[in-house]
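Shown next: coords_3.txt, given as compact mmCIF, C-alpha atoms and all ligand atoms.
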# COMPACT_ATOMS: atom_id res chain seq x y z
CA MET S 209 -135.64 -93.80 -15.72
CA ASN S 210 -138.83 -93.68 -17.81
CA ARG S 211 -137.83 -96.39 -20.18
CA VAL S 212 -140.03 -97.22 -23.13
CA ASP S 213 -141.75 -100.57 -22.74
CA PHE S 214 -141.18 -102.38 -26.02
CA GLY S 215 -143.51 -105.24 -25.13
CA ASP S 216 -142.51 -108.50 -26.78
CA TYR S 217 -139.76 -106.86 -28.77
CA PRO S 218 -136.22 -107.24 -27.56
CA LEU S 219 -134.72 -103.93 -26.55
CA PRO S 220 -132.89 -102.36 -29.47
CA SER S 221 -129.15 -102.32 -29.15
CA LEU S 222 -129.04 -98.63 -29.88
CA ARG S 223 -131.43 -95.77 -29.20
CA PRO S 224 -130.61 -92.10 -29.65
CA LEU S 225 -133.26 -90.81 -27.20
CA GLU S 226 -134.18 -91.73 -23.66
CA LEU S 227 -136.45 -89.99 -21.20
CA SER S 228 -135.08 -89.74 -17.66
CA ALA S 229 -136.50 -88.14 -14.51
CA GLU S 230 -134.34 -85.06 -15.20
CA GLY S 231 -135.24 -84.60 -18.85
CA LEU S 232 -134.58 -85.99 -22.33
CA ARG S 233 -131.23 -87.64 -22.87
CA VAL S 234 -130.01 -87.60 -26.46
CA LEU S 235 -126.95 -89.23 -27.91
CA ASP S 236 -124.99 -86.32 -29.40
CA GLN S 237 -124.62 -87.44 -33.01
CA ARG S 238 -122.18 -84.65 -33.81
CA ARG S 239 -119.58 -86.40 -31.69
CA LEU S 240 -119.92 -89.90 -33.09
CA PRO S 241 -118.07 -92.07 -33.86
CA GLY S 242 -115.26 -90.63 -31.73
CA GLU S 243 -117.26 -90.28 -28.55
CA GLU S 244 -120.56 -91.55 -27.16
CA ALA S 245 -121.64 -88.38 -25.33
CA TRP S 246 -125.16 -87.86 -24.02
CA LEU S 247 -126.83 -84.45 -23.66
CA LEU S 248 -129.49 -83.80 -21.04
CA LEU S 249 -132.26 -81.53 -22.36
CA ARG S 250 -134.54 -80.09 -19.68
CA THR S 251 -136.62 -77.58 -21.64
CA PRO S 252 -138.38 -77.40 -25.03
CA GLU S 253 -135.92 -74.65 -26.01
CA GLU S 254 -133.02 -77.02 -25.39
CA VAL S 255 -134.75 -79.72 -27.45
CA ALA S 256 -135.32 -77.28 -30.32
CA GLY S 257 -131.66 -76.25 -30.15
CA ALA S 258 -130.49 -79.87 -30.25
CA ILE S 259 -132.63 -80.50 -33.36
CA LYS S 260 -131.45 -77.35 -35.16
CA GLU S 261 -127.82 -78.01 -34.31
CA MET S 262 -128.04 -81.66 -35.43
CA ALA S 263 -127.24 -83.24 -32.06
CA VAL S 264 -130.36 -85.28 -32.75
CA ARG S 265 -131.16 -85.88 -36.41
CA GLY S 266 -133.04 -88.21 -38.73
CA ALA S 267 -136.70 -87.71 -39.57
CA PRO S 268 -138.36 -90.01 -37.00
CA ALA S 269 -135.86 -89.14 -34.24
CA ILE S 270 -136.47 -85.40 -34.51
CA GLY S 271 -140.23 -86.04 -34.39
CA LEU S 272 -139.84 -88.04 -31.20
CA ALA S 273 -137.50 -85.47 -29.65
CA ALA S 274 -140.13 -82.82 -30.34
CA ALA S 275 -142.81 -84.99 -28.74
CA TYR S 276 -140.73 -85.22 -25.57
CA GLY S 277 -140.13 -81.46 -25.85
CA ILE S 278 -143.86 -80.79 -25.58
CA PHE S 279 -144.04 -82.94 -22.47
CA LEU S 280 -141.13 -80.94 -21.00
CA ALA S 281 -142.94 -77.68 -21.81
CA VAL S 282 -146.02 -78.76 -19.87
CA ARG S 283 -143.96 -80.15 -17.01
CA GLU S 284 -142.33 -76.74 -16.43
CA ALA S 285 -145.43 -74.61 -17.19
CA GLU S 286 -147.42 -72.46 -14.76
CA GLU S 287 -150.54 -74.16 -13.42
CA GLY S 288 -153.06 -72.16 -15.47
CA ASP S 289 -150.92 -71.86 -18.58
CA TRP S 290 -149.91 -75.38 -19.49
CA LEU S 291 -151.99 -75.67 -22.69
CA SER S 292 -150.61 -72.38 -24.03
CA ALA S 293 -147.12 -73.57 -23.10
CA ALA S 294 -147.75 -76.75 -25.12
CA GLU S 295 -148.91 -74.67 -28.07
CA ARG S 296 -145.87 -72.36 -27.93
CA ALA S 297 -143.56 -75.36 -27.72
CA ALA S 298 -145.31 -77.06 -30.64
CA GLU S 299 -144.82 -73.98 -32.82
CA MET S 300 -141.20 -73.56 -31.82
CA LEU S 301 -140.39 -77.23 -32.41
CA LEU S 302 -142.17 -77.32 -35.77
CA ALA S 303 -140.00 -74.42 -36.92
CA THR S 304 -136.71 -76.18 -36.20
CA ARG S 305 -136.33 -78.08 -39.47
CA PRO S 306 -138.71 -77.86 -42.43
CA THR S 307 -138.35 -81.06 -44.42
CA ALA S 308 -139.14 -84.15 -42.36
CA ALA S 309 -142.83 -85.12 -42.31
CA ASN S 310 -142.35 -86.99 -39.05
CA LEU S 311 -141.84 -83.78 -37.10
CA ARG S 312 -145.36 -82.59 -37.85
CA TRP S 313 -146.70 -86.13 -37.37
CA ALA S 314 -145.39 -86.24 -33.80
CA VAL S 315 -146.11 -82.63 -32.84
CA GLU S 316 -149.70 -82.78 -34.10
CA ARG S 317 -150.36 -85.94 -32.11
CA MET S 318 -148.92 -84.42 -28.96
CA TYR S 319 -150.84 -81.19 -29.36
CA ALA S 320 -154.11 -83.01 -30.08
CA CYS S 321 -153.51 -85.06 -26.95
CA ALA S 322 -152.86 -81.86 -24.94
CA ARG S 323 -156.10 -80.31 -26.17
CA SER S 324 -158.02 -83.41 -25.19
CA LEU S 325 -156.70 -82.97 -21.63
CA GLN S 326 -158.17 -79.50 -21.04
CA GLY S 327 -159.60 -79.26 -17.57
CA LEU S 328 -156.90 -81.41 -15.98
CA SER S 329 -154.25 -80.01 -13.65
CA ARG S 330 -150.78 -79.31 -15.05
CA GLU S 331 -149.40 -82.33 -13.23
CA GLU S 332 -152.08 -84.66 -14.60
CA ALA S 333 -151.65 -83.29 -18.11
CA ALA S 334 -147.86 -83.63 -17.92
CA GLU S 335 -148.19 -87.26 -16.85
CA ALA S 336 -150.58 -88.01 -19.74
CA LEU S 337 -148.28 -86.28 -22.23
CA ARG S 338 -145.28 -88.17 -20.92
CA GLU S 339 -147.19 -91.40 -21.57
CA LYS S 340 -148.18 -90.20 -25.03
CA ALA S 341 -144.58 -89.37 -26.00
CA LEU S 342 -143.41 -92.77 -24.78
CA LEU S 343 -146.21 -94.37 -26.80
CA LEU S 344 -145.17 -92.55 -29.98
CA HIS S 345 -141.61 -93.69 -29.36
CA ARG S 346 -142.73 -97.27 -29.02
CA GLU S 347 -144.97 -96.93 -32.07
CA ASP S 348 -142.04 -95.69 -34.14
CA GLU S 349 -139.93 -98.69 -33.27
CA GLU S 350 -142.84 -101.03 -33.98
CA MET S 351 -143.35 -99.46 -37.41
CA ASN S 352 -139.65 -99.85 -38.14
CA ARG S 353 -139.62 -103.49 -37.18
CA ARG S 354 -142.69 -104.22 -39.27
CA LEU S 355 -141.43 -102.47 -42.40
CA SER S 356 -138.04 -104.09 -41.90
CA ARG S 357 -139.50 -107.58 -42.00
CA LEU S 358 -141.36 -106.70 -45.21
CA GLY S 359 -138.31 -105.11 -46.77
CA ALA S 360 -136.03 -107.99 -45.86
CA ASP S 361 -138.11 -110.27 -48.08
CA LEU S 362 -137.09 -108.17 -51.09
CA LEU S 363 -133.38 -108.73 -50.56
CA PRO S 364 -131.56 -111.62 -52.26
CA PRO S 365 -129.91 -114.27 -50.02
CA ARG S 366 -126.52 -112.59 -50.50
CA ALA S 367 -127.22 -108.89 -50.74
CA ARG S 368 -124.68 -106.21 -51.56
CA VAL S 369 -126.43 -102.98 -50.73
CA LEU S 370 -125.60 -99.32 -51.30
CA THR S 371 -127.19 -96.98 -48.77
CA HIS S 372 -126.92 -93.26 -48.17
CA CYS S 373 -126.90 -91.01 -45.12
CA ASN S 374 -128.07 -92.71 -41.92
CA ALA S 375 -131.49 -94.33 -41.82
CA GLY S 376 -130.67 -96.49 -38.85
CA ALA S 377 -131.46 -96.74 -35.15
CA LEU S 378 -129.73 -93.39 -34.68
CA ALA S 379 -132.18 -91.64 -36.99
CA THR S 380 -135.29 -93.16 -35.41
CA GLY S 381 -136.75 -94.28 -32.11
CA GLY S 382 -134.79 -97.52 -32.55
CA TYR S 383 -133.94 -100.33 -34.99
CA GLY S 384 -134.01 -98.08 -38.07
CA THR S 385 -135.71 -98.10 -41.46
CA ALA S 386 -133.26 -98.82 -44.29
CA LEU S 387 -130.76 -100.21 -41.78
CA GLY S 388 -133.59 -102.01 -39.98
CA ILE S 389 -134.20 -103.92 -43.22
CA LEU S 390 -130.55 -104.96 -43.26
CA ARG S 391 -130.88 -106.12 -39.65
CA ALA S 392 -134.05 -108.06 -40.42
CA ALA S 393 -132.46 -109.64 -43.50
CA ARG S 394 -129.62 -110.89 -41.35
CA GLU S 395 -132.12 -112.21 -38.81
CA GLN S 396 -133.67 -114.13 -41.74
CA GLY S 397 -130.27 -115.73 -42.38
CA LYS S 398 -129.32 -113.61 -45.37
CA GLU S 399 -125.79 -112.39 -45.94
CA VAL S 400 -125.59 -108.62 -46.12
CA GLU S 401 -122.68 -106.49 -47.25
CA VAL S 402 -123.07 -102.72 -47.11
CA PHE S 403 -121.56 -99.86 -49.05
CA VAL S 404 -122.35 -96.37 -47.79
CA GLY S 405 -121.73 -92.99 -49.34
CA GLU S 406 -119.97 -90.66 -46.94
CA THR S 407 -122.87 -88.15 -47.29
CA ARG S 408 -121.34 -84.71 -47.60
CA PRO S 409 -121.24 -82.40 -45.79
CA TRP S 410 -122.30 -83.87 -42.44
CA LEU S 411 -120.88 -87.32 -43.19
CA GLN S 412 -123.84 -89.20 -41.72
CA GLY S 413 -122.85 -92.19 -43.87
CA ALA S 414 -119.19 -92.29 -42.96
CA ARG S 415 -119.61 -91.35 -39.30
CA LEU S 416 -122.98 -92.78 -38.29
CA THR S 417 -124.05 -95.59 -40.60
CA ALA S 418 -120.54 -97.04 -40.73
CA TRP S 419 -120.34 -96.91 -36.92
CA GLU S 420 -123.84 -98.27 -36.32
CA LEU S 421 -123.47 -101.24 -38.65
CA SER S 422 -119.85 -102.13 -37.98
CA ARG S 423 -120.47 -102.42 -34.23
CA GLU S 424 -122.95 -105.19 -35.11
CA GLY S 425 -120.50 -106.97 -37.34
CA PHE S 426 -121.85 -105.99 -40.76
CA PRO S 427 -119.15 -105.72 -43.41
CA VAL S 428 -119.23 -101.99 -44.27
CA THR S 429 -117.29 -100.07 -46.90
CA VAL S 430 -117.43 -96.28 -47.10
CA ILE S 431 -117.19 -94.61 -50.50
CA THR S 432 -117.02 -90.95 -51.40
CA ASP S 433 -120.39 -89.80 -52.71
CA ALA S 434 -118.82 -89.28 -56.12
CA ALA S 435 -117.69 -92.92 -56.28
CA ALA S 436 -121.24 -94.26 -56.52
CA GLY S 437 -121.11 -94.14 -60.32
CA ILE S 438 -118.16 -96.46 -60.69
CA LEU S 439 -119.52 -98.70 -57.90
CA LEU S 440 -122.71 -99.35 -59.84
CA GLN S 441 -120.97 -99.43 -63.21
CA ARG S 442 -118.82 -102.29 -61.91
CA ARG S 443 -121.91 -103.98 -60.46
CA MET S 444 -120.39 -104.10 -57.00
CA VAL S 445 -123.87 -103.81 -55.45
CA ASP S 446 -127.20 -105.53 -56.15
CA LEU S 447 -129.51 -102.73 -55.07
CA VAL S 448 -129.78 -99.29 -53.54
CA LEU S 449 -131.76 -98.87 -50.30
CA VAL S 450 -132.38 -95.52 -48.61
CA GLY S 451 -134.66 -93.92 -46.01
CA ALA S 452 -136.85 -90.88 -46.55
CA ASP S 453 -137.76 -87.61 -44.89
CA ARG S 454 -141.03 -87.01 -46.72
CA ILE S 455 -142.91 -89.07 -49.31
CA ALA S 456 -145.59 -87.42 -51.44
CA ALA S 457 -148.86 -89.05 -52.46
CA SER S 458 -147.35 -89.41 -55.94
CA GLY S 459 -144.47 -91.52 -54.60
CA ASP S 460 -141.91 -88.74 -55.04
CA VAL S 461 -139.31 -89.10 -52.31
CA VAL S 462 -137.51 -86.34 -50.43
CA ASN S 463 -134.38 -87.61 -48.72
CA LYS S 464 -130.82 -86.58 -47.90
CA VAL S 465 -129.12 -84.69 -50.69
CA GLY S 466 -127.33 -87.16 -52.92
CA THR S 467 -130.22 -89.61 -53.00
CA TYR S 468 -131.52 -88.46 -56.38
CA PRO S 469 -128.21 -89.11 -58.20
CA LEU S 470 -128.22 -92.64 -56.75
CA ALA S 471 -131.71 -93.24 -58.13
CA VAL S 472 -130.63 -92.02 -61.55
CA LEU S 473 -127.61 -94.31 -61.42
CA ALA S 474 -129.70 -97.29 -60.32
CA SER S 475 -132.05 -96.69 -63.23
CA ARG S 476 -129.11 -96.35 -65.66
CA HIS S 477 -127.68 -99.67 -64.46
CA GLY S 478 -130.96 -101.57 -64.10
CA LEU S 479 -130.72 -102.03 -60.35
CA PRO S 480 -133.61 -101.79 -57.87
CA PHE S 481 -133.93 -98.54 -55.94
CA TYR S 482 -135.84 -99.11 -52.71
CA VAL S 483 -137.07 -96.52 -50.22
CA ALA S 484 -137.94 -97.48 -46.63
CA ALA S 485 -139.97 -95.35 -44.26
CA PRO S 486 -142.62 -95.62 -41.55
CA TRP S 487 -146.06 -94.34 -42.49
CA SER S 488 -145.35 -91.20 -40.43
CA THR S 489 -143.06 -90.12 -43.29
CA VAL S 490 -145.82 -90.35 -45.90
CA ASP S 491 -147.46 -86.97 -46.44
CA THR S 492 -150.72 -87.77 -48.17
CA GLU S 493 -151.55 -84.06 -48.41
CA LEU S 494 -148.46 -83.42 -50.50
CA LEU S 495 -149.51 -84.26 -54.03
CA SER S 496 -146.02 -84.17 -55.50
CA GLY S 497 -142.52 -83.86 -54.11
CA GLY S 498 -141.98 -80.51 -55.81
CA GLU S 499 -144.20 -78.92 -53.17
CA ALA S 500 -141.94 -80.05 -50.33
CA SER S 501 -139.80 -77.56 -48.49
CA ILE S 502 -136.13 -78.42 -48.98
CA GLU S 503 -133.94 -77.22 -46.12
CA GLU S 504 -130.87 -75.17 -47.01
CA ARG S 505 -128.10 -74.79 -44.44
CA GLY S 506 -125.14 -72.46 -44.11
CA LYS S 507 -121.94 -72.57 -46.11
CA GLU S 508 -119.93 -72.96 -42.90
CA GLU S 509 -121.21 -76.55 -42.84
CA LEU S 510 -119.17 -77.37 -45.94
CA GLY S 511 -116.23 -77.70 -43.58
CA TYR S 512 -113.64 -75.68 -45.48
CA SER S 513 -112.95 -72.06 -46.34
CA LEU S 514 -113.98 -70.73 -49.71
CA PRO S 515 -111.93 -68.18 -51.62
CA PRO S 516 -113.05 -64.61 -50.87
CA GLY S 517 -116.16 -63.63 -52.81
CA VAL S 518 -117.19 -67.23 -53.56
CA SER S 519 -120.60 -68.29 -52.33
CA ALA S 520 -121.96 -71.78 -51.67
CA TRP S 521 -125.38 -73.35 -52.01
CA ASN S 522 -126.05 -76.09 -49.47
CA PRO S 523 -129.44 -77.78 -49.92
CA VAL S 524 -129.48 -80.74 -47.53
CA PHE S 525 -132.25 -82.79 -49.13
CA ASP S 526 -133.22 -83.59 -52.69
CA LEU S 527 -136.19 -84.93 -54.57
CA THR S 528 -136.26 -88.32 -56.27
CA PRO S 529 -139.15 -88.58 -58.75
CA ALA S 530 -141.44 -91.55 -58.26
CA GLU S 531 -140.59 -92.93 -61.70
CA LEU S 532 -137.09 -93.79 -60.43
CA VAL S 533 -138.33 -95.71 -57.37
CA THR S 534 -138.77 -99.49 -57.53
CA ALA S 535 -140.74 -99.84 -54.29
CA ILE S 536 -141.60 -97.91 -51.14
CA ILE S 537 -141.42 -100.14 -48.09
CA THR S 538 -143.67 -99.01 -45.23
CA ASP S 539 -145.07 -100.64 -42.12
CA ARG S 540 -148.47 -100.72 -43.84
CA GLY S 541 -147.11 -102.70 -46.76
CA VAL S 542 -144.84 -102.47 -49.77
CA ALA S 543 -146.04 -100.04 -52.44
CA PHE S 544 -145.12 -100.61 -56.07
CA PRO S 545 -145.69 -98.31 -59.07
CA PRO S 546 -147.93 -96.62 -59.90
CA PHE S 547 -147.53 -95.14 -56.43
CA ALA S 548 -150.48 -92.76 -56.64
CA THR S 549 -152.62 -95.92 -56.68
CA SER S 550 -150.69 -98.13 -54.29
CA LEU S 551 -150.09 -95.40 -51.68
CA ARG S 552 -153.77 -94.42 -51.83
CA PHE S 553 -154.63 -98.07 -51.26
CA LEU S 554 -152.35 -98.19 -48.21
CA THR S 555 -153.77 -94.90 -46.92
CA ARG S 556 -157.32 -96.24 -47.07
CA ALA S 557 -156.36 -99.59 -45.65
CA GLY S 558 -154.64 -97.80 -42.75
CA GLU S 559 -157.78 -95.77 -42.11
CA ARG S 560 -159.74 -99.04 -41.96
CA GLY S 561 -157.20 -100.31 -39.42
CA ARG S 562 -155.94 -103.11 -41.61
CA ASP S 563 -152.61 -104.67 -40.82
CA THR S 564 -149.69 -105.50 -43.00
CA PHE S 565 -150.25 -106.48 -46.61
CA LEU S 566 -148.78 -106.01 -50.02
CA ALA S 567 -149.99 -103.18 -52.22
CA SER S 568 -149.18 -104.22 -55.73
CA ALA S 569 -150.56 -101.82 -58.28
CA SER S 570 -153.23 -102.91 -60.72
CA THR S 571 -150.66 -102.97 -63.52
CA GLY S 572 -148.95 -105.70 -61.52
CA GLY S 573 -145.61 -103.99 -62.05
CA GLU S 574 -143.33 -105.03 -59.24
CA GLY S 575 -140.91 -102.35 -60.24
CA ARG S 576 -137.96 -102.22 -62.51
CA GLY S 577 -135.34 -104.80 -61.74
CA GLY S 578 -137.03 -106.08 -58.59
CA THR S 579 -135.20 -108.89 -56.90
O1 LIG C 1 -130.21 -84.04 -42.06
P1 LIG C 1 -130.51 -85.36 -41.38
O2 LIG C 1 -129.30 -86.07 -40.91
O3 LIG C 1 -131.57 -85.21 -40.32
O4 LIG C 1 -131.14 -86.19 -42.56
C1 LIG C 1 -131.51 -87.52 -42.33
C2 LIG C 1 -131.82 -88.26 -43.55
O5 LIG C 1 -131.92 -87.73 -44.62
C3 LIG C 1 -132.13 -89.68 -43.40
O6 LIG C 1 -131.62 -90.42 -44.43
C4 LIG C 1 -133.64 -89.75 -43.31
O7 LIG C 1 -134.06 -88.96 -42.24
C5 LIG C 1 -134.18 -91.05 -43.17
S1 LIG C 1 -134.26 -91.38 -41.46
C6 LIG C 1 -134.87 -92.87 -41.12
Represent the structure from my file as structure tokens, please.
Amino acid sequence: MNRVDFGDYPLPSLRPLELSAEGLRVLDQRRLPGEEAWLLLRTPEEVAGAIKEMAVRGAPAIGLAAAYGIFLAVREAEEGDWLSAAERAAEMLLATRPTAANLRWAVERMYACARSLQGLSREEAAEALREKALLLHREDEEMNRRLSRLGADLLPPRARVLTHCNAGALATGGYGTALGILRAAREQGKEVEVFVGETRPWLQGARLTAWELSREGFPVTVITDAAAGILLQRRMVDLVLVGADRIAASGDVVNKVGTYPLAVLASRHGLPFYVAAPWSTVDTELLSGGEASIEERGKEELGYSLPPGVSAWNPVFDLTPAELVTAIITDRGVAFPPFATSLRFLTRAGERGRDTFLASASTGGEGRGGT
């Protein structure tokens, strides 16, 4: 088994992807929580299918699956054709789902690595690309752990948190982003109670987040998405914490559909609205969230039959304007409004290779209702 070496970090309790000698093993998230079934994907086509069909999902996890898919393409390629095979696989994998920035982040790194290997044999290139994919996997978990430590500092000692969808180990290379922060807060000795919206129509909240957290002993309560209003009105939570699929340079956040209403509610009730994501989710070329491509899926995913002649619209992400976000927690630091300034600061600092720090905007605003 080609296990990822996580260095000093303890192995995560849960990882949705694992490279084996036969291919990429993915935990089939469509079958959780009823069954822990693993799929073995041997070709880039099978990886693309698993991403499209949601067997593997979550922005960082689909990026990593695609990275392994490019390795698989080169492994099975003809001797003189491996770079073209990598390019074809990169294009096919990029076309699987349009919204998550992490997919492009991973595919571009793999393809750049492949190009740098020109002149090597297929076997040598495949070995180098296998190493690169494992490195990206490890990097993802490291980013999650770093942002989680930073985010945990923002939580009160007894935190009642509303989250949405699944931004946990299942959605990433391991540990998770929003759920990683909850893990890190508990490691800091804080008490954490979690409410999660069921997340229609795929139920990532009810099926995945509830499963992932409850198996580690977190108190978890599922609510219908529509119950978020009364939950906040009754002040049953202290803050809202979500992941992200793409973050624009402006601080606009694209995340699972249903996130935007939560941000509006948090603003209405004066509660912090935090977004957690590795830097691979930040798209500095996207000036505002309105330019992001929002995936729309079929009406069959609603899970029930509509009356004849009735259509359905099923966008699976939405856009939360930066003005509703209290802070964006990344592995490079915590960005506060105005995000155009603080994210630019983190971008430049990252380019200079600086480590973790706090990017508080010049206005000093630590965000509405920060804890
Ligand atoms: O459609 P999905 O299940 O891939 O969408 C996932 C989400 O929206 C997550 O909340 C997001 O990717 C954050 S993942 C750390």
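Minimum distance to Asp453 (chain S) across S:Ala379, S:Cys321, S:Ala474, S:Leu440 (counting all atoms listed in the file) occurs at S:Ala379.
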Given all atoms listed in the file, how would the per-residue table for region 343-376 of chain S near region 542-553 of chain S read, listing every residue at most 9 Å away with its closest atom pair and distance in Å to one decimal, sorted by chain and number, as JSON lines?
{"residue": "S:Leu355", "atom": "CA", "partner": "S:Val542", "partner_atom": "CA", "distance": 8.1}
{"residue": "S:Leu358", "atom": "CA", "partner": "S:Val542", "partner_atom": "CA", "distance": 7.1}
{"residue": "S:Gly359", "atom": "CA", "partner": "S:Val542", "partner_atom": "CA", "distance": 7.7}
Output C-alpha atoms for every residue in that selection, as a PDB file, in the coordinates of the input.
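Result written to selection.pdb:
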ATOM      1  CA  LEU S 355    -141.430-102.470 -42.400  1.00  0.00           C
ATOM      2  CA  LEU S 358    -141.360-106.700 -45.210  1.00  0.00           C
ATOM      3  CA  GLY S 359    -138.310-105.110 -46.770  1.00  0.00           C
TER       4      GLY S 359
END
Spatial neighbours of Leu447 (chain S), 9 Å, all atoms listed in the file, chain gap at least 4 places, as a JSON list (two decimals) with C-alpha atoms, in the frame of the given file:
[["chain", "number", "residue", "atom", "x", "y", "z"],
["S", 363, "LEU", "CA", -133.38, -108.73, -50.56],
["S", 367, "ALA", "CA", -127.22, -108.89, -50.74],
["S", 368, "ARG", "CA", -124.68, -106.21, -51.56],
["S", 369, "VAL", "CA", -126.43, -102.98, -50.73],
["S", 370, "LEU", "CA", -125.60, -99.32, -51.30],
["S", 371, "THR", "CA", -127.19, -96.98, -48.77],
["S", 440, "LEU", "CA", -122.71, -99.35, -59.84],
["S", 474, "ALA", "CA", -129.70, -97.29, -60.32],
["S", 479, "LEU", "CA", -130.72, -102.03, -60.35],
["S", 480, "PRO", "CA", -133.61, -101.79, -57.87],
["S", 481, "PHE", "CA", -133.93, -98.54, -55.94],
["S", 482, "TYR", "CA", -135.84, -99.11, -52.71],
["S", 578, "GLY", "CA", -137.03, -106.08, -58.59],
["S", 579, "THR", "CA", -135.20, -108.89, -56.90]]
Residue nearest ligand LIG 1 (chain C) among S:Val445, S:Ala386, S:Leu247, S:Leu532 (counting only C-alpha atoms and all ligand atoms):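 Of S:Val445, S:Ala386, S:Leu247, S:Leu532, the one nearest ligand LIG 1 (chain C) is S:Ala386, counting only C-alpha atoms and all ligand atoms.
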Option closest in space to Glu347 (chain S), from S:Leu280, S:Ala314, S:Ala456, S:Ala285 [counting only C-alpha atoms]: S:Ala314
Nearby polymer residues, ligand LIG 1 (chain C), at most 9 Å, only C-alpha atoms and all ligand atoms, as a ChimeraX atom specification: /S:259,262,264-270,305,307-308,352,372-380,384-387,410-413,450-454,462-465,467,484-486,489,503,524-525
Would you export the selected residues with C-alpha atoms as a CSV table (one decimal), keeping the file's coordinate frame, please?
chain,number,residue,atom,x,y,z
S,259,ILE,CA,-132.6,-80.5,-33.4
S,262,MET,CA,-128.0,-81.7,-35.4
S,264,VAL,CA,-130.4,-85.3,-32.8
S,265,ARG,CA,-131.2,-85.9,-36.4
S,266,GLY,CA,-133.0,-88.2,-38.7
S,267,ALA,CA,-136.7,-87.7,-39.6
S,268,PRO,CA,-138.4,-90.0,-37.0
S,269,ALA,CA,-135.9,-89.1,-34.2
S,270,ILE,CA,-136.5,-85.4,-34.5
S,305,ARG,CA,-136.3,-78.1,-39.5
S,307,THR,CA,-138.4,-81.1,-44.4
S,308,ALA,CA,-139.1,-84.2,-42.4
S,352,ASN,CA,-139.6,-99.8,-38.1
S,372,HIS,CA,-126.9,-93.3,-48.2
S,373,CYS,CA,-126.9,-91.0,-45.1
S,374,ASN,CA,-128.1,-92.7,-41.9
S,375,ALA,CA,-131.5,-94.3,-41.8
S,376,GLY,CA,-130.7,-96.5,-38.8
S,377,ALA,CA,-131.5,-96.7,-35.2
S,378,LEU,CA,-129.7,-93.4,-34.7
S,379,ALA,CA,-132.2,-91.6,-37.0
S,380,THR,CA,-135.3,-93.2,-35.4
S,384,GLY,CA,-134.0,-98.1,-38.1
S,385,THR,CA,-135.7,-98.1,-41.5
S,386,ALA,CA,-133.3,-98.8,-44.3
S,387,LEU,CA,-130.8,-100.2,-41.8
S,410,TRP,CA,-122.3,-83.9,-42.4
S,411,LEU,CA,-120.9,-87.3,-43.2
S,412,GLN,CA,-123.8,-89.2,-41.7
S,413,GLY,CA,-122.8,-92.2,-43.9
S,450,VAL,CA,-132.4,-95.5,-48.6
S,451,GLY,CA,-134.7,-93.9,-46.0
S,452,ALA,CA,-136.8,-90.9,-46.6
S,453,ASP,CA,-137.8,-87.6,-44.9
S,454,ARG,CA,-141.0,-87.0,-46.7
S,462,VAL,CA,-137.5,-86.3,-50.4
S,463,ASN,CA,-134.4,-87.6,-48.7
S,464,LYS,CA,-130.8,-86.6,-47.9
S,465,VAL,CA,-129.1,-84.7,-50.7
S,467,THR,CA,-130.2,-89.6,-53.0
S,484,ALA,CA,-137.9,-97.5,-46.6
S,485,ALA,CA,-140.0,-95.4,-44.3
S,486,PRO,CA,-142.6,-95.6,-41.6
S,489,THR,CA,-143.1,-90.1,-43.3
S,503,GLU,CA,-133.9,-77.2,-46.1
S,524,VAL,CA,-129.5,-80.7,-47.5
S,525,PHE,CA,-132.2,-82.8,-49.1
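Atom pair CA of Asn310 (chain S) / CA of Leu494 (chain S) has a distance of 13.5 Å (rounded to one decimal).
Taking CA of Pro427 (chain S) as the reference point, CA of Ile537 (chain S) is found at 23.4 Å.
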Top pick for closest residue to Pro409 (chain S), considering S:Glu424, S:Asp289, S:Glu339, S:Glu508 and counting only C-alpha atoms: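 Selected residue with least distance to Pro409 (chain S): S:Glu508.
For the pair CA of Trp246 (chain S) and CA of Arg505 (chain S), the separation is 24.4 Å.
Once Glu299 (chain S) and its same-chain neighbours fewer than 2 positions away are set aside, Pro252, Glu253, Ala256, Ala274, Ala275, Gly277, Ile278, Ala281, Ser292, Ala293, Ala294, Glu295, Arg296, Ala297, Leu301, Leu302, Ala303, Thr304, Arg305, Leu311, Arg312, Val315, Glu316, Met318 and Tyr319 of chain S remain within 12 Å of it when counting only C-alpha atoms.
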From S:Gly466, S:Gly271, S:Gly405, S:Gly242, residue lying nearest Pro306 (chain S) [only C-alpha atoms]: S:Gly271
Residue among S:Gly541, S:Gly327, S:Gly425, S:Gly459 lying closest to Gly288 (chain S), counting all atoms listed in the file: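 Distance minimum relative to Gly288 (chain S) lands on S:Gly327.
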Selection near Leu222 (chain S), 12 Å with only C-alpha atoms, sequence-local residues under 2 positions removed, as a VMD selection string: chain S and resid 218 to 220 224 to 226 234 to 235 244 349 376 to 384 388 416 419 to 421 423 to 424
Exercise: Lys507 (chain S) partners within 8 Å, all atoms listed in the file, chain neighbours under 4 positions left out, as a PyMOL selection string: chain S and resi 519-522
